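Below is model27.pdb, holding PDB, C-alpha atoms, pLDDT in the B column.
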MODEL        1
ATOM      1  CA  MET A   1       0.000   0.000   0.000  1.00 93.00           C
ATOM      2  CA  ASP A   2       1.292   3.465  -0.875  1.00 97.00           C
ATOM      3  CA  LEU A   3       1.036   5.354   2.418  1.00 98.00           C
ATOM      4  CA  TYR A   4       2.212   8.567   0.741  1.00 98.00           C
ATOM      5  CA  LYS A   5      -1.208   8.785  -0.921  1.00 98.00           C
ATOM      6  CA  LEU A   6      -2.821   8.955   2.530  1.00 98.00           C
ATOM      7  CA  ILE A   7      -0.844  12.006   3.717  1.00 98.00           C
ATOM      8  CA  ARG A   8      -2.410  15.402   3.014  1.00 98.00           C
ATOM      9  CA  ASP A   9      -0.242  18.508   2.555  1.00 97.00           C
ATOM     10  CA  ILE A  10      -1.502  21.677   4.227  1.00 98.00           C
ATOM     11  CA  PRO A  11       0.519  24.798   3.394  1.00 97.00           C
ATOM     12  CA  ASP A  12       1.104  27.570   5.941  1.00 96.00           C
ATOM     13  CA  TYR A  13      -0.054  25.551   8.947  1.00 93.00           C
ATOM     14  CA  PRO A  14       0.388  26.155  11.833  1.00 86.00           C
ATOM     15  CA  HIS A  15       2.461  29.139  10.679  1.00 85.00           C
ATOM     16  CA  GLU A  16       3.200  30.769   7.366  1.00 91.00           C
ATOM     17  CA  GLY A  17       5.976  28.963   5.512  1.00 89.00           C
ATOM     18  CA  ILE A  18       5.323  25.579   7.179  1.00 87.00           C
ATOM     19  CA  LEU A  19       4.091  22.692   5.008  1.00 91.00           C
ATOM     20  CA  PHE A  20       2.157  20.486   7.415  1.00 94.00           C
ATOM     21  CA  ARG A  21       1.961  16.752   6.664  1.00 96.00           C
ATOM     22  CA  ASP A  22      -1.540  15.808   7.819  1.00 97.00           C
ATOM     23  CA  ILE A  23      -1.879  12.167   8.890  1.00 98.00           C
ATOM     24  CA  THR A  24      -5.639  12.232   9.530  1.00 98.00           C
ATOM     25  CA  PRO A  25      -6.507  10.743   6.102  1.00 98.00           C
ATOM     26  CA  LEU A  26      -4.211   7.797   6.941  1.00 98.00           C
ATOM     27  CA  LEU A  27      -5.789   7.416  10.382  1.00 98.00           C
ATOM     28  CA  LYS A  28      -9.321   7.184   9.000  1.00 98.00           C
ATOM     29  CA  ASP A  29      -8.323   4.626   6.362  1.00 98.00           C
ATOM     30  CA  ALA A  30      -8.512   1.223   8.103  1.00 98.00           C
ATOM     31  CA  LYS A  31      -6.164  -0.505   5.667  1.00 98.00           C
ATOM     32  CA  GLY A  32      -3.724   2.417   5.684  1.00 98.00           C
ATOM     33  CA  LEU A  33      -3.632   2.537   9.482  1.00 98.00           C
ATOM     34  CA  GLU A  34      -3.158  -1.218   9.692  1.00 98.00           C
ATOM     35  CA  CYS A  35      -0.377  -1.053   7.111  1.00 98.00           C
ATOM     36  CA  ALA A  36       1.406   1.743   8.991  1.00 98.00           C
ATOM     37  CA  ILE A  37       1.216  -0.076  12.342  1.00 98.00           C
ATOM     38  CA  ASN A  38       2.388  -3.330  10.759  1.00 98.00           C
ATOM     39  CA  GLN A  39       5.318  -1.633   9.026  1.00 98.00           C
ATOM     40  CA  MET A  40       6.346   0.217  12.210  1.00 98.00           C
ATOM     41  CA  SER A  41       6.189  -3.063  14.138  1.00 98.00           C
ATOM     42  CA  ASP A  42       8.219  -4.798  11.432  1.00 98.00           C
ATOM     43  CA  GLU A  43      10.969  -2.218  12.003  1.00 98.00           C
ATOM     44  CA  LEU A  44      11.231  -3.600  15.557  1.00 98.00           C
ATOM     45  CA  SER A  45      11.068  -7.315  14.771  1.00 97.00           C
ATOM     46  CA  ASP A  46      14.775  -7.891  15.454  1.00 97.00           C
ATOM     47  CA  VAL A  47      15.177  -5.333  18.274  1.00 98.00           C
ATOM     48  CA  ASP A  48      15.586  -6.394  21.898  1.00 98.00           C
ATOM     49  CA  PHE A  49      13.542  -3.948  23.980  1.00 98.00           C
ATOM     50  CA  ASP A  50      11.325  -3.778  27.054  1.00 98.00           C
ATOM     51  CA  ILE A  51       8.936  -0.879  26.543  1.00 98.00           C
ATOM     52  CA  VAL A  52       7.567   1.617  24.006  1.00 98.00           C
ATOM     53  CA  ILE A  53       7.402   5.361  24.659  1.00 98.00           C
ATOM     54  CA  GLY A  54       5.123   7.577  22.592  1.00 98.00           C
ATOM     55  CA  PRO A  55       5.409  11.367  22.867  1.00 97.00           C
ATOM     56  CA  GLU A  56       2.165  13.328  23.126  1.00 94.00           C
ATOM     57  CA  SER A  57      -0.009  13.267  21.265  1.00 90.00           C
ATOM     58  CA  ARG A  58       0.410  11.515  17.958  1.00 95.00           C
ATOM     59  CA  GLY A  59       3.042   9.215  19.423  1.00 96.00           C
ATOM     60  CA  PHE A  60       0.168   7.749  21.443  1.00 97.00           C
ATOM     61  CA  ILE A  61      -1.719   6.958  18.230  1.00 97.00           C
ATOM     62  CA  PHE A  62       1.110   4.834  16.852  1.00 98.00           C
ATOM     63  CA  GLY A  63       2.931   3.789  20.018  1.00 98.00           C
ATOM     64  CA  VAL A  64       0.071   1.997  21.753  1.00 98.00           C
ATOM     65  CA  PRO A  65      -0.836  -0.337  18.869  1.00 98.00           C
ATOM     66  CA  VAL A  66       2.837  -1.043  18.204  1.00 98.00           C
ATOM     67  CA  ALA A  67       3.357  -1.892  21.894  1.00 98.00           C
ATOM     68  CA  TYR A  68       0.262  -4.114  21.839  1.00 98.00           C
ATOM     69  CA  LYS A  69       1.359  -5.907  18.667  1.00 98.00           C
ATOM     70  CA  MET A  70       4.884  -6.434  20.070  1.00 98.00           C
ATOM     71  CA  HIS A  71       3.577  -7.577  23.502  1.00 98.00           C
ATOM     72  CA  LYS A  72       5.268  -4.694  25.314  1.00 98.00           C
ATOM     73  CA  GLY A  73       4.095  -2.036  27.724  1.00 98.00           C
ATOM     74  CA  PHE A  74       3.549   1.599  26.746  1.00 98.00           C
ATOM     75  CA  VAL A  75       4.697   4.794  28.476  1.00 98.00           C
ATOM     76  CA  PRO A  76       3.225   8.160  27.501  1.00 98.00           C
ATOM     77  CA  ALA A  77       5.553  11.170  27.333  1.00 98.00           C
ATOM     78  CA  ARG A  78       3.232  14.076  28.150  1.00 98.00           C
ATOM     79  CA  LYS A  79       3.064  17.839  28.000  1.00 95.00           C
ATOM     80  CA  PRO A  80       3.473  19.653  31.336  1.00 96.00           C
ATOM     81  CA  ASN A  81       1.085  18.944  34.203  1.00 94.00           C
ATOM     82  CA  LYS A  82      -0.791  16.120  32.450  1.00 97.00           C
ATOM     83  CA  LEU A  83       0.709  13.279  34.488  1.00 97.00           C
ATOM     84  CA  PRO A  84      -0.783  12.749  37.957  1.00 96.00           C
ATOM     85  CA  PHE A  85       2.239  11.225  39.744  1.00 97.00           C
ATOM     86  CA  ASP A  86       5.809  12.373  40.479  1.00 97.00           C
ATOM     87  CA  ARG A  87       7.397  13.385  37.208  1.00 97.00           C
ATOM     88  CA  ILE A  88      10.579  14.582  35.568  1.00 98.00           C
ATOM     89  CA  SER A  89      10.680  17.237  32.836  1.00 98.00           C
ATOM     90  CA  GLN A  90      12.795  18.261  29.871  1.00 97.00           C
ATOM     91  CA  SER A  91      12.377  21.400  27.748  1.00 94.00           C
ATOM     92  CA  TYR A  92      13.171  21.462  24.020  1.00 88.00           C
ATOM     93  CA  ASP A  93      12.881  23.551  20.869  1.00 77.00           C
ATOM     94  CA  LEU A  94      10.510  22.883  17.992  1.00 71.00           C
ATOM     95  CA  GLU A  95      10.808  24.046  14.386  1.00 62.00           C
ATOM     96  CA  TYR A  96       8.386  26.850  15.329  1.00 65.00           C
ATOM     97  CA  GLY A  97       8.594  27.321  19.118  1.00 71.00           C
ATOM     98  CA  SER A  98       9.482  25.473  22.306  1.00 85.00           C
ATOM     99  CA  ASN A  99       7.829  23.069  24.719  1.00 91.00           C
ATOM    100  CA  THR A 100       8.402  20.752  27.667  1.00 96.00           C
ATOM    101  CA  ILE A 101       7.805  17.023  27.948  1.00 97.00           C
ATOM    102  CA  GLU A 102       7.425  14.898  31.067  1.00 98.00           C
ATOM    103  CA  LEU A 103       7.568  11.269  32.173  1.00 98.00           C
ATOM    104  CA  HIS A 104       6.442   9.732  35.428  1.00 98.00           C
ATOM    105  CA  ALA A 105       9.487   9.383  37.672  1.00 98.00           C
ATOM    106  CA  ASP A 106       8.892   5.606  37.807  1.00 98.00           C
ATOM    107  CA  ALA A 107       8.086   5.149  34.086  1.00 98.00           C
ATOM    108  CA  ILE A 108      11.399   3.523  33.184  1.00 98.00           C
ATOM    109  CA  ALA A 109      13.372   1.156  35.399  1.00 98.00           C
ATOM    110  CA  LYS A 110      17.151   1.341  35.458  1.00 98.00           C
ATOM    111  CA  GLY A 111      18.547  -0.775  32.639  1.00 98.00           C
ATOM    112  CA  GLN A 112      15.327  -0.993  30.618  1.00 98.00           C
ATOM    113  CA  LYS A 113      15.659  -0.905  26.845  1.00 98.00           C
ATOM    114  CA  VAL A 114      13.269   1.582  25.284  1.00 98.00           C
ATOM    115  CA  VAL A 115      11.884   2.179  21.805  1.00 98.00           C
ATOM    116  CA  ILE A 116      10.402   5.562  20.894  1.00 99.00           C
ATOM    117  CA  VAL A 117       7.520   5.532  18.398  1.00 98.00           C
ATOM    118  CA  ASP A 118       6.174   8.789  16.971  1.00 98.00           C
ATOM    119  CA  ASP A 119       4.484  10.195  13.903  1.00 98.00           C
ATOM    120  CA  LEU A 120       7.060  12.737  12.761  1.00 96.00           C
ATOM    121  CA  LEU A 121      10.764  13.537  12.849  1.00 96.00           C
ATOM    122  CA  ALA A 122      11.314  17.216  12.084  1.00 91.00           C
ATOM    123  CA  THR A 123      14.090  18.984  14.013  1.00 90.00           C
ATOM    124  CA  GLY A 124      14.325  16.126  16.526  1.00 93.00           C
ATOM    125  CA  GLY A 125      13.689  18.276  19.594  1.00 93.00           C
ATOM    126  CA  THR A 126      10.838  16.235  21.051  1.00 93.00           C
ATOM    127  CA  THR A 127      12.687  12.969  20.559  1.00 96.00           C
ATOM    128  CA  LYS A 128      15.949  14.332  21.975  1.00 97.00           C
ATOM    129  CA  ALA A 129      14.100  15.523  25.091  1.00 97.00           C
ATOM    130  CA  THR A 130      12.460  12.096  25.419  1.00 98.00           C
ATOM    131  CA  ILE A 131      15.849  10.382  25.109  1.00 98.00           C
ATOM    132  CA  GLU A 132      17.241  12.635  27.843  1.00 97.00           C
ATOM    133  CA  LEU A 133      14.336  11.749  30.157  1.00 98.00           C
ATOM    134  CA  VAL A 134      14.829   8.019  29.546  1.00 98.00           C
ATOM    135  CA  GLU A 135      18.548   8.381  30.298  1.00 98.00           C
ATOM    136  CA  LYS A 136      17.850  10.387  33.487  1.00 98.00           C
ATOM    137  CA  LEU A 137      15.807   7.416  34.687  1.00 98.00           C
ATOM    138  CA  GLY A 138      18.583   4.945  33.828  1.00 98.00           C
ATOM    139  CA  GLY A 139      17.054   3.515  30.662  1.00 98.00           C
ATOM    140  CA  GLU A 140      18.518   3.201  27.188  1.00 98.00           C
ATOM    141  CA  VAL A 141      16.797   4.122  23.932  1.00 98.00           C
ATOM    142  CA  VAL A 142      17.702   1.352  21.480  1.00 98.00           C
ATOM    143  CA  LYS A 143      15.628   2.402  18.438  1.00 98.00           C
ATOM    144  CA  ILE A 144      13.326   5.152  17.196  1.00 98.00           C
ATOM    145  CA  VAL A 145      10.551   4.564  14.652  1.00 98.00           C
ATOM    146  CA  TYR A 146       8.631   7.324  12.864  1.00 98.00           C
ATOM    147  CA  LEU A 147       5.823   7.333  10.376  1.00 98.00           C
ATOM    148  CA  ILE A 148       7.222  10.441   8.624  1.00 98.00           C
ATOM    149  CA  GLU A 149      10.643  12.083   8.443  1.00 98.00           C
ATOM    150  CA  LEU A 150      11.194  15.600   7.117  1.00 96.00           C
ATOM    151  CA  GLU A 151      14.743  15.033   5.868  1.00 96.00           C
ATOM    152  CA  GLY A 152      15.477  18.676   5.095  1.00 93.00           C
ATOM    153  CA  LEU A 153      15.261  19.583   8.789  1.00 92.00           C
ATOM    154  CA  ASP A 154      18.129  17.209   9.712  1.00 94.00           C
ATOM    155  CA  GLY A 155      16.467  15.930  12.894  1.00 94.00           C
ATOM    156  CA  ARG A 156      18.619  12.792  12.930  1.00 96.00           C
ATOM    157  CA  LYS A 157      21.728  14.858  13.634  1.00 96.00           C
ATOM    158  CA  ILE A 158      20.787  15.540  17.257  1.00 95.00           C
ATOM    159  CA  LEU A 159      19.705  11.969  18.046  1.00 97.00           C
ATOM    160  CA  GLY A 160      23.198  10.546  18.334  1.00 94.00           C
ATOM    161  CA  ASN A 161      23.936   6.976  17.273  1.00 96.00           C
ATOM    162  CA  ILE A 162      20.507   5.545  18.020  1.00 98.00           C
ATOM    163  CA  PRO A 163      19.113   3.611  15.031  1.00 98.00           C
ATOM    164  CA  VAL A 164      16.227   5.469  13.353  1.00 98.00           C
ATOM    165  CA  SER A 165      13.613   4.157  10.928  1.00 98.00           C
ATOM    166  CA  SER A 166      11.070   6.258   9.027  1.00 98.00           C
ATOM    167  CA  LEU A 167       8.350   4.810   6.809  1.00 98.00           C
ATOM    168  CA  LEU A 168       7.839   7.971   4.736  1.00 98.00           C
ATOM    169  CA  LYS A 169      10.495  10.548   3.871  1.00 98.00           C
ATOM    170  CA  TYR A 170       9.899  14.035   2.534  1.00 97.00           C
TER     171      TYR A 170
ENDMDL
END

Would you put the structure from the file into structure tokens?
Amino acid sequence: MDLYKLIRDIPDYPHEGILFRDITPLLKDAKGLECAINQMSDELSDVDFDIVIGPESRGFIFGVPVAYKMHKGFVPARKPNKLPFDRISQSYDLEYGSNTIELHADAIAKGQKVVIVDDLLATGGTTKATIELVEKLGGEVVKIVYLIELEGLDGRKILGNIPVSSLLKY
């Protein structure tokens, strides 16, 4: 299945000069969504890991079904003040602003191997902040899987030597 056909381009959103890659047509297409989840899971078939992290909010959409399919647990990385328990935070820059992401302080056990699953790699800020949180808790990110990668923004450069897979590249 050609997943590119299920991504809609929206110019000047959320700011002028940004070409937004809208995944909602893919999400509403049952076969497209199944194909995306299966392909993301296939990227992890030979990876030894304990848990999946999905950054808010679209990382939840892809991370939970991947975790389910791979028989792993799921940890949400949330925006500030959304988690009810003790938490740790990391701020980061976006391609058009800044934000903060948080994990529960007990989300990752020391030594756990973690996979990050998200919809989009742009500048890499959200993922880098998530990696830093995992490392603060004593875990190790062993692979990152995205639906889409915006190659021109060079997000991979700040992610270090962690293996990265992207289903769609623009």

Requested in this report: Find the residues near segment 15-19 of chain A: any atom within 12 Å, counting only C-alpha atoms, skip ones fewer than 3 places away on the same chain, and give them as a VMD selection string.
Outcome: chain A and resid 7 to 12 22 95 to 97 122 150 153 170

Query raised in the report: Got a sec to check which residues sit within 6 Å of (12.9, -0.3, 16.1), counting only C-alpha atoms, and write them as a ChimeraX atom specification?
Result: /A:43-44,47,143-145

Query raised in the report: Expanded to explicit residues, what is the PyMOL selection byres ((chain A and resi 61-74) around 8) for this file, as a PyMOL selection string?
Result: chain A and resi 37-38+40-41+50-54+57-60+75-76+116-119

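The interatomic distance for the pair atom CA of Thr123 of chain A and atom CA of Ile148 of chain A works out to 12.2 Å.
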
Requested in this report: Identify, on the basis of all atoms listed in the file, every residue whose closest approach to Arg156 of chain A does not exceed 12 Å; exclude the query and any residue fewer than 2 positions from it along the same chain; express the result as a ChimeraX atom specification.
Outcome: /A:120-128,144-146,149-154,158-166

With 8 Å of padding per side, what axis-aligned box (centre and edge lengths, Å, one decimal) covers all the listed atoms of segment 117-126 of chain A? Give it as JSON.
{"center_x": 9.4, "center_y": 12.3, "center_z": 16.6, "size_x": 25.8, "size_y": 29.5, "size_z": 25.0}

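Taking all atoms listed in the file into account, Val115 of chain A lies nearest to A:Ser45 out of the set A:Ser45, A:Thr24, A:Ser89, A:Asn99.
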
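Atom CA of Glu140 of chain A is positioned 19.3 Å from atom CA of Tyr92 of chain A.
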
Report task. Could you expand the PyMOL selection byres ((chain A and resi 101) around 7) into the explicit residues it covers here, written as an NGL selection string? Result -> :A and (77-80 or 89-91 or 99-100 or 102)

Query - Counting only C-alpha atoms, the residue of A:Val134, A:Ile88, A:Leu3, A:Val141 that sits nearest Gly32 of chain A - result: A:Leu3

Requested in this report: Enter the distance from atom CA of Lys136 of chain A to atom CA of Gln112 of chain A, in Å, rounded to one decimal.
Outcome: 12.0 Å

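Considering only C-alpha atoms, the residue among A:Leu137, A:Ala105, A:Ala36, A:Val114 positioned nearest to Ile23 of chain A is A:Ala36.
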
Should you be able to, write segment 4-137 of chain A of this structure into a file that contains C-alpha atoms, as a PDB file, in the first residue's frame.
ATOM      1  CA  TYR A   4       2.212   8.567   0.741  1.00  0.00           C
ATOM      2  CA  LYS A   5      -1.208   8.785  -0.921  1.00  0.00           C
ATOM      3  CA  LEU A   6      -2.821   8.955   2.530  1.00  0.00           C
ATOM      4  CA  ILE A   7      -0.844  12.006   3.717  1.00  0.00           C
ATOM      5  CA  ARG A   8      -2.410  15.402   3.014  1.00  0.00           C
ATOM      6  CA  ASP A   9      -0.242  18.508   2.555  1.00  0.00           C
ATOM      7  CA  ILE A  10      -1.502  21.677   4.227  1.00  0.00           C
ATOM      8  CA  PRO A  11       0.519  24.798   3.394  1.00  0.00           C
ATOM      9  CA  ASP A  12       1.104  27.570   5.941  1.00  0.00           C
ATOM     10  CA  TYR A  13      -0.054  25.551   8.947  1.00  0.00           C
ATOM     11  CA  PRO A  14       0.388  26.155  11.833  1.00  0.00           C
ATOM     12  CA  HIS A  15       2.461  29.139  10.679  1.00  0.00           C
ATOM     13  CA  GLU A  16       3.200  30.769   7.366  1.00  0.00           C
ATOM     14  CA  GLY A  17       5.976  28.963   5.512  1.00  0.00           C
ATOM     15  CA  ILE A  18       5.323  25.579   7.179  1.00  0.00           C
ATOM     16  CA  LEU A  19       4.091  22.692   5.008  1.00  0.00           C
ATOM     17  CA  PHE A  20       2.157  20.486   7.415  1.00  0.00           C
ATOM     18  CA  ARG A  21       1.961  16.752   6.664  1.00  0.00           C
ATOM     19  CA  ASP A  22      -1.540  15.808   7.819  1.00  0.00           C
ATOM     20  CA  ILE A  23      -1.879  12.167   8.890  1.00  0.00           C
ATOM     21  CA  THR A  24      -5.639  12.232   9.530  1.00  0.00           C
ATOM     22  CA  PRO A  25      -6.507  10.743   6.102  1.00  0.00           C
ATOM     23  CA  LEU A  26      -4.211   7.797   6.941  1.00  0.00           C
ATOM     24  CA  LEU A  27      -5.789   7.416  10.382  1.00  0.00           C
ATOM     25  CA  LYS A  28      -9.321   7.184   9.000  1.00  0.00           C
ATOM     26  CA  ASP A  29      -8.323   4.626   6.362  1.00  0.00           C
ATOM     27  CA  ALA A  30      -8.512   1.223   8.103  1.00  0.00           C
ATOM     28  CA  LYS A  31      -6.164  -0.505   5.667  1.00  0.00           C
ATOM     29  CA  GLY A  32      -3.724   2.417   5.684  1.00  0.00           C
ATOM     30  CA  LEU A  33      -3.632   2.537   9.482  1.00  0.00           C
ATOM     31  CA  GLU A  34      -3.158  -1.218   9.692  1.00  0.00           C
ATOM     32  CA  CYS A  35      -0.377  -1.053   7.111  1.00  0.00           C
ATOM     33  CA  ALA A  36       1.406   1.743   8.991  1.00  0.00           C
ATOM     34  CA  ILE A  37       1.216  -0.076  12.342  1.00  0.00           C
ATOM     35  CA  ASN A  38       2.388  -3.330  10.759  1.00  0.00           C
ATOM     36  CA  GLN A  39       5.318  -1.633   9.026  1.00  0.00           C
ATOM     37  CA  MET A  40       6.346   0.217  12.210  1.00  0.00           C
ATOM     38  CA  SER A  41       6.189  -3.063  14.138  1.00  0.00           C
ATOM     39  CA  ASP A  42       8.219  -4.798  11.432  1.00  0.00           C
ATOM     40  CA  GLU A  43      10.969  -2.218  12.003  1.00  0.00           C
ATOM     41  CA  LEU A  44      11.231  -3.600  15.557  1.00  0.00           C
ATOM     42  CA  SER A  45      11.068  -7.315  14.771  1.00  0.00           C
ATOM     43  CA  ASP A  46      14.775  -7.891  15.454  1.00  0.00           C
ATOM     44  CA  VAL A  47      15.177  -5.333  18.274  1.00  0.00           C
ATOM     45  CA  ASP A  48      15.586  -6.394  21.898  1.00  0.00           C
ATOM     46  CA  PHE A  49      13.542  -3.948  23.980  1.00  0.00           C
ATOM     47  CA  ASP A  50      11.325  -3.778  27.054  1.00  0.00           C
ATOM     48  CA  ILE A  51       8.936  -0.879  26.543  1.00  0.00           C
ATOM     49  CA  VAL A  52       7.567   1.617  24.006  1.00  0.00           C
ATOM     50  CA  ILE A  53       7.402   5.361  24.659  1.00  0.00           C
ATOM     51  CA  GLY A  54       5.123   7.577  22.592  1.00  0.00           C
ATOM     52  CA  PRO A  55       5.409  11.367  22.867  1.00  0.00           C
ATOM     53  CA  GLU A  56       2.165  13.328  23.126  1.00  0.00           C
ATOM     54  CA  SER A  57      -0.009  13.267  21.265  1.00  0.00           C
ATOM     55  CA  ARG A  58       0.410  11.515  17.958  1.00  0.00           C
ATOM     56  CA  GLY A  59       3.042   9.215  19.423  1.00  0.00           C
ATOM     57  CA  PHE A  60       0.168   7.749  21.443  1.00  0.00           C
ATOM     58  CA  ILE A  61      -1.719   6.958  18.230  1.00  0.00           C
ATOM     59  CA  PHE A  62       1.110   4.834  16.852  1.00  0.00           C
ATOM     60  CA  GLY A  63       2.931   3.789  20.018  1.00  0.00           C
ATOM     61  CA  VAL A  64       0.071   1.997  21.753  1.00  0.00           C
ATOM     62  CA  PRO A  65      -0.836  -0.337  18.869  1.00  0.00           C
ATOM     63  CA  VAL A  66       2.837  -1.043  18.204  1.00  0.00           C
ATOM     64  CA  ALA A  67       3.357  -1.892  21.894  1.00  0.00           C
ATOM     65  CA  TYR A  68       0.262  -4.114  21.839  1.00  0.00           C
ATOM     66  CA  LYS A  69       1.359  -5.907  18.667  1.00  0.00           C
ATOM     67  CA  MET A  70       4.884  -6.434  20.070  1.00  0.00           C
ATOM     68  CA  HIS A  71       3.577  -7.577  23.502  1.00  0.00           C
ATOM     69  CA  LYS A  72       5.268  -4.694  25.314  1.00  0.00           C
ATOM     70  CA  GLY A  73       4.095  -2.036  27.724  1.00  0.00           C
ATOM     71  CA  PHE A  74       3.549   1.599  26.746  1.00  0.00           C
ATOM     72  CA  VAL A  75       4.697   4.794  28.476  1.00  0.00           C
ATOM     73  CA  PRO A  76       3.225   8.160  27.501  1.00  0.00           C
ATOM     74  CA  ALA A  77       5.553  11.170  27.333  1.00  0.00           C
ATOM     75  CA  ARG A  78       3.232  14.076  28.150  1.00  0.00           C
ATOM     76  CA  LYS A  79       3.064  17.839  28.000  1.00  0.00           C
ATOM     77  CA  PRO A  80       3.473  19.653  31.336  1.00  0.00           C
ATOM     78  CA  ASN A  81       1.085  18.944  34.203  1.00  0.00           C
ATOM     79  CA  LYS A  82      -0.791  16.120  32.450  1.00  0.00           C
ATOM     80  CA  LEU A  83       0.709  13.279  34.488  1.00  0.00           C
ATOM     81  CA  PRO A  84      -0.783  12.749  37.957  1.00  0.00           C
ATOM     82  CA  PHE A  85       2.239  11.225  39.744  1.00  0.00           C
ATOM     83  CA  ASP A  86       5.809  12.373  40.479  1.00  0.00           C
ATOM     84  CA  ARG A  87       7.397  13.385  37.208  1.00  0.00           C
ATOM     85  CA  ILE A  88      10.579  14.582  35.568  1.00  0.00           C
ATOM     86  CA  SER A  89      10.680  17.237  32.836  1.00  0.00           C
ATOM     87  CA  GLN A  90      12.795  18.261  29.871  1.00  0.00           C
ATOM     88  CA  SER A  91      12.377  21.400  27.748  1.00  0.00           C
ATOM     89  CA  TYR A  92      13.171  21.462  24.020  1.00  0.00           C
ATOM     90  CA  ASP A  93      12.881  23.551  20.869  1.00  0.00           C
ATOM     91  CA  LEU A  94      10.510  22.883  17.992  1.00  0.00           C
ATOM     92  CA  GLU A  95      10.808  24.046  14.386  1.00  0.00           C
ATOM     93  CA  TYR A  96       8.386  26.850  15.329  1.00  0.00           C
ATOM     94  CA  GLY A  97       8.594  27.321  19.118  1.00  0.00           C
ATOM     95  CA  SER A  98       9.482  25.473  22.306  1.00  0.00           C
ATOM     96  CA  ASN A  99       7.829  23.069  24.719  1.00  0.00           C
ATOM     97  CA  THR A 100       8.402  20.752  27.667  1.00  0.00           C
ATOM     98  CA  ILE A 101       7.805  17.023  27.948  1.00  0.00           C
ATOM     99  CA  GLU A 102       7.425  14.898  31.067  1.00  0.00           C
ATOM    100  CA  LEU A 103       7.568  11.269  32.173  1.00  0.00           C
ATOM    101  CA  HIS A 104       6.442   9.732  35.428  1.00  0.00           C
ATOM    102  CA  ALA A 105       9.487   9.383  37.672  1.00  0.00           C
ATOM    103  CA  ASP A 106       8.892   5.606  37.807  1.00  0.00           C
ATOM    104  CA  ALA A 107       8.086   5.149  34.086  1.00  0.00           C
ATOM    105  CA  ILE A 108      11.399   3.523  33.184  1.00  0.00           C
ATOM    106  CA  ALA A 109      13.372   1.156  35.399  1.00  0.00           C
ATOM    107  CA  LYS A 110      17.151   1.341  35.458  1.00  0.00           C
ATOM    108  CA  GLY A 111      18.547  -0.775  32.639  1.00  0.00           C
ATOM    109  CA  GLN A 112      15.327  -0.993  30.618  1.00  0.00           C
ATOM    110  CA  LYS A 113      15.659  -0.905  26.845  1.00  0.00           C
ATOM    111  CA  VAL A 114      13.269   1.582  25.284  1.00  0.00           C
ATOM    112  CA  VAL A 115      11.884   2.179  21.805  1.00  0.00           C
ATOM    113  CA  ILE A 116      10.402   5.562  20.894  1.00  0.00           C
ATOM    114  CA  VAL A 117       7.520   5.532  18.398  1.00  0.00           C
ATOM    115  CA  ASP A 118       6.174   8.789  16.971  1.00  0.00           C
ATOM    116  CA  ASP A 119       4.484  10.195  13.903  1.00  0.00           C
ATOM    117  CA  LEU A 120       7.060  12.737  12.761  1.00  0.00           C
ATOM    118  CA  LEU A 121      10.764  13.537  12.849  1.00  0.00           C
ATOM    119  CA  ALA A 122      11.314  17.216  12.084  1.00  0.00           C
ATOM    120  CA  THR A 123      14.090  18.984  14.013  1.00  0.00           C
ATOM    121  CA  GLY A 124      14.325  16.126  16.526  1.00  0.00           C
ATOM    122  CA  GLY A 125      13.689  18.276  19.594  1.00  0.00           C
ATOM    123  CA  THR A 126      10.838  16.235  21.051  1.00  0.00           C
ATOM    124  CA  THR A 127      12.687  12.969  20.559  1.00  0.00           C
ATOM    125  CA  LYS A 128      15.949  14.332  21.975  1.00  0.00           C
ATOM    126  CA  ALA A 129      14.100  15.523  25.091  1.00  0.00           C
ATOM    127  CA  THR A 130      12.460  12.096  25.419  1.00  0.00           C
ATOM    128  CA  ILE A 131      15.849  10.382  25.109  1.00  0.00           C
ATOM    129  CA  GLU A 132      17.241  12.635  27.843  1.00  0.00           C
ATOM    130  CA  LEU A 133      14.336  11.749  30.157  1.00  0.00           C
ATOM    131  CA  VAL A 134      14.829   8.019  29.546  1.00  0.00           C
ATOM    132  CA  GLU A 135      18.548   8.381  30.298  1.00  0.00           C
ATOM    133  CA  LYS A 136      17.850  10.387  33.487  1.00  0.00           C
ATOM    134  CA  LEU A 137      15.807   7.416  34.687  1.00  0.00           C
TER     135      LEU A 137
END
